[in-house]
>>> print(open('model.cif').read())   # mmCIF, C-alpha atoms
data_entry
loop_
_atom_site.label_atom_id
_atom_site.label_comp_id
_atom_site.auth_asym_id
_atom_site.auth_seq_id
_atom_site.Cartn_x
_atom_site.Cartn_y
_atom_site.Cartn_z
CA MET A 12 15.27 -0.83 -10.54
CA SER A 13 13.99 -1.95 -13.92
CA ASP A 14 14.48 0.18 -17.01
CA GLU A 15 10.71 0.67 -17.18
CA PHE A 16 10.82 2.81 -14.03
CA ARG A 17 14.29 4.30 -14.44
CA LYS A 18 13.36 7.07 -16.86
CA ASN A 19 9.88 7.99 -17.99
CA LEU A 20 10.13 10.60 -20.72
CA LEU A 21 6.37 10.76 -21.24
CA GLY A 22 5.25 11.30 -17.68
CA PRO A 23 6.25 11.83 -14.08
CA GLU A 24 9.20 10.06 -12.53
CA PRO A 25 8.40 7.10 -10.28
CA THR A 26 7.80 7.90 -6.65
CA LEU A 27 10.09 6.04 -4.26
CA LEU A 28 9.01 6.14 -0.63
CA PRO A 29 11.66 6.18 2.10
CA ALA A 30 12.47 2.99 3.98
CA GLU A 31 11.17 2.42 7.49
CA PRO A 32 14.15 0.64 9.07
CA GLU A 33 12.76 0.75 12.59
CA VAL A 34 9.47 -0.82 11.49
CA TYR A 35 11.29 -3.52 9.49
CA GLN A 36 13.56 -4.27 12.43
CA HIS A 37 10.69 -4.63 14.90
CA LEU A 38 8.75 -6.87 12.51
CA ALA A 39 11.84 -9.03 11.95
CA LEU A 40 12.14 -9.42 15.72
CA GLY A 41 8.58 -10.76 15.84
CA LYS A 42 6.75 -7.71 17.15
CA GLU A 43 3.10 -7.66 16.21
CA PRO A 44 1.91 -4.84 13.92
CA ILE A 45 -0.85 -3.97 16.40
CA GLU A 46 1.88 -3.29 18.99
CA LEU A 47 3.83 -1.09 16.59
CA VAL A 48 1.17 0.99 14.89
CA ALA A 49 0.68 3.38 17.82
CA SER A 50 4.36 4.35 17.69
CA HIS A 51 4.46 4.31 13.86
CA PRO A 52 0.99 5.51 12.81
CA THR A 53 2.17 6.79 9.43
CA SER A 54 3.41 3.37 8.30
CA SER A 55 1.26 2.07 5.45
CA LEU A 56 3.03 -1.25 5.82
CA LEU A 57 1.73 -1.77 9.35
CA TRP A 58 -1.82 -0.79 8.40
CA ALA A 59 -1.64 -3.10 5.36
CA ILE A 60 -0.51 -6.03 7.51
CA LEU A 61 -3.34 -5.34 9.96
CA ALA A 62 -5.80 -5.27 7.03
CA GLU A 63 -4.44 -8.54 5.66
CA ASP A 64 -4.57 -10.24 9.06
CA ALA A 65 -8.15 -9.08 9.64
CA TRP A 66 -9.13 -10.34 6.16
CA LYS A 67 -7.63 -13.77 6.82
CA GLU A 68 -9.67 -13.95 10.04
CA GLY A 69 -12.91 -13.01 8.26
CA ARG A 70 -13.11 -9.55 9.84
CA THR A 71 -14.04 -7.74 6.62
CA ILE A 72 -15.07 -4.41 8.16
CA GLU A 73 -11.90 -4.20 10.23
CA SER A 74 -9.86 -5.11 7.16
CA TYR A 75 -11.58 -2.30 5.27
CA ALA A 76 -10.90 0.18 8.06
CA PHE A 77 -7.24 -0.77 8.46
CA ALA A 78 -6.72 -0.68 4.68
CA ARG A 79 -8.44 2.73 4.42
CA VAL A 80 -6.07 4.18 7.04
CA GLY A 81 -3.04 2.61 5.32
CA TYR A 82 -4.18 3.99 1.98
CA HIS A 83 -4.57 7.54 3.32
CA ARG A 84 -1.29 7.40 5.25
CA GLY A 85 0.34 6.21 2.05
CA LEU A 86 -1.15 9.05 0.01
CA ASP A 87 0.25 11.51 2.57
CA SER A 88 3.69 9.91 2.29
CA LEU A 89 3.58 9.82 -1.49
CA ARG A 90 2.73 13.51 -1.63
CA ARG A 91 5.54 14.34 0.80
CA ASN A 92 7.89 12.51 -1.54
CA GLY A 93 6.98 14.30 -4.75
CA TRP A 94 3.99 12.38 -6.07
CA ARG A 95 1.48 14.71 -7.71
CA GLY A 96 -1.48 12.39 -8.13
CA ALA A 97 -0.13 10.40 -11.06
CA GLY A 98 2.86 8.38 -12.07
CA PRO A 99 4.49 5.09 -11.25
CA ILE A 100 4.78 3.75 -7.72
CA PRO A 101 6.98 0.72 -8.42
CA TRP A 102 6.34 -2.48 -6.46
CA GLU A 103 9.98 -3.51 -6.76
CA HIS A 104 10.96 -0.61 -4.49
CA GLU A 105 10.30 -2.30 -1.15
CA PRO A 106 9.21 0.83 0.78
CA ASN A 107 6.37 1.30 -1.76
CA GLN A 108 4.97 -2.14 -1.00
CA GLY A 109 3.13 -1.09 2.17
CA PHE A 110 1.09 1.47 0.29
CA LEU A 111 0.39 -0.88 -2.62
CA ARG A 112 -0.64 -3.67 -0.24
CA ALA A 113 -2.98 -1.28 1.60
CA LEU A 114 -4.44 -0.17 -1.74
CA TYR A 115 -5.03 -3.78 -2.79
CA ALA A 116 -6.55 -4.66 0.60
CA LEU A 117 -8.86 -1.66 0.37
CA GLY A 118 -10.12 -2.71 -3.05
CA ARG A 119 -10.72 -6.27 -1.90
CA ALA A 120 -12.61 -5.20 1.23
CA ALA A 121 -14.57 -2.53 -0.67
CA ALA A 122 -15.74 -5.20 -3.11
CA ALA A 123 -16.72 -7.48 -0.22
CA ILE A 124 -18.97 -4.81 1.29
CA ASN A 125 -20.43 -3.92 -2.11
CA GLU A 126 -19.09 -0.38 -2.13
CA ALA A 127 -20.13 1.14 -5.46
CA ASP A 128 -17.37 2.14 -7.90
CA GLU A 129 -14.57 1.97 -5.31
CA PRO A 130 -13.19 -1.48 -6.24
CA GLU A 131 -12.93 -0.53 -9.92
CA ARG A 132 -11.28 2.82 -9.09
CA ILE A 133 -8.78 1.09 -6.82
CA GLU A 134 -8.03 -1.62 -9.41
CA LYS A 135 -7.22 1.12 -11.93
CA PHE A 136 -5.09 3.03 -9.40
CA LEU A 137 -3.16 -0.13 -8.50
CA ASN A 138 -2.59 -1.01 -12.15
CA ASP A 139 -1.57 2.56 -13.02
CA SER A 140 0.85 2.57 -10.07
CA ASP A 141 2.52 -0.67 -11.12
CA PRO A 142 0.95 -3.26 -13.40
CA THR A 143 2.96 -6.02 -11.66
CA ALA A 144 1.83 -5.18 -8.12
CA LYS A 145 -1.43 -7.14 -8.02
CA ALA A 146 0.21 -10.38 -9.17
CA ALA A 147 3.04 -9.89 -6.68
CA ILE A 148 0.60 -9.33 -3.82
CA GLU A 149 -1.53 -12.31 -4.78
CA ALA A 150 1.50 -14.62 -5.13
#
>>> encode(input="model.cif", output="structure tokens")
Amino acid sequence: MSDEFRKNLLGPEPTLLPAEPEVYQHLALGKEPIELVASHPTSSLLWAILAEDAWKEGRTIESYAFARVGYHRGLDSLRRNGWRGAGPIPWEHEPNQGFLRALYALGRAAAAINEADEPERIEKFLNDSDPTAKAAIEA
């Protein structure tokens, strides 16, 4: 973990979500996220992948819906792990990446459907969570 996230004397400590070894294992074995999400409905990573896949296929509304679920599941997980509505959610901590990917996907889909104010709010949330996340996702 970088020094930037190691100790934050001016604000809350970074939130580090727990790993999902079973989800990672199934994905590595080639299981499709749509097959896994029913048995792992709290996984932001699975919802984010579904949102990304739908986006790539031009299914904007489905991408929005999948991203919205991933975002809310991620908020639930963040809160269970000590997040109080503010503070770093570092991209470099792999288990955080599902939530950050869902957040990014939600902002992109919200912009595509012309949802007022939501894309800007999400952009700020993503940047406040980790200013490197957007570039990492877009890479």
>>> atom_distance(input="model.cif", atom1="atom CA of A:Asp139", atom2="atom CA of A:Ala116")
16.2 Å
>>> residues_around(input="model.cif", residues="A:Gln108", least_positions_apart="4", cutoff="9 Å", atoms="only C-alpha atoms", output="list of chain:residue names")
A:Ser55, A:Leu56, A:Ile100, A:Pro101, A:Trp102, A:Glu103, A:His104, A:Arg112, A:Ala113, A:Ala144, A:Ile148
>>> resolve_selection(input="model.cif", expression="the PyMOL selection byres ((chain A and resi 27-29) around 6)", output="NGL selection string")
:A and (26 or 30 or 106-107)
>>> resolve_selection(input="model.cif", expression="the PyMOL selection byres ((chain A and resi 59) around 12)", output="PyMOL selection string")
chain A and resi 44-45+48+52-58+60-66+73-85+107-118+120+148
>>> atom_distance(input="model.cif", atom1="atom CA of A:Ala39", atom2="atom CA of A:Glu149")
21.7 Å
>>> atom_distance(input="model.cif", atom1="atom CA of A:Ile124", atom2="atom CA of A:Arg70")
11.4 Å
>>> closest_residue(input="model.cif", among="A:Leu21, A:Leu40, A:Ala121, A:Ala150", to="A:Ile72", atoms="only C-alpha atoms")
A:Ala121
>>> closest_residue(input="model.cif", among="A:Thr71, A:Tyr35, A:Pro25, A:Glu43", to="A:Ala123", atoms="all atoms listed in the file")
A:Thr71
>>> closest_residue(input="model.cif", among="A:Glu31, A:Glu46, A:Glu129, A:Glu24", to="A:Ala97", atoms="only C-alpha atoms")
A:Glu24
>>> axis_aligned_box(input="model.cif", around="stretch 18-33 of chain A", padding_each_side="6 Å", output="JSON")
{"center_x": 9.7, "center_y": 6.2, "center_z": -4.3, "size_x": 20.9, "size_y": 23.2, "size_z": 45.8}
>>> residues_near_point(input="model.cif", point="(-7.9, -4.6, -12.6)", cutoff="12 Å", atoms="only C-alpha atoms", output="list of chain:residue names")
A:Tyr115, A:Gly118, A:Arg119, A:Glu129, A:Pro130, A:Glu131, A:Arg132, A:Ile133, A:Glu134, A:Lys135, A:Phe136, A:Leu137, A:Asn138, A:Asp139, A:Ser140, A:Asp141, A:Pro142, A:Thr143, A:Ala144, A:Lys145, A:Ala146
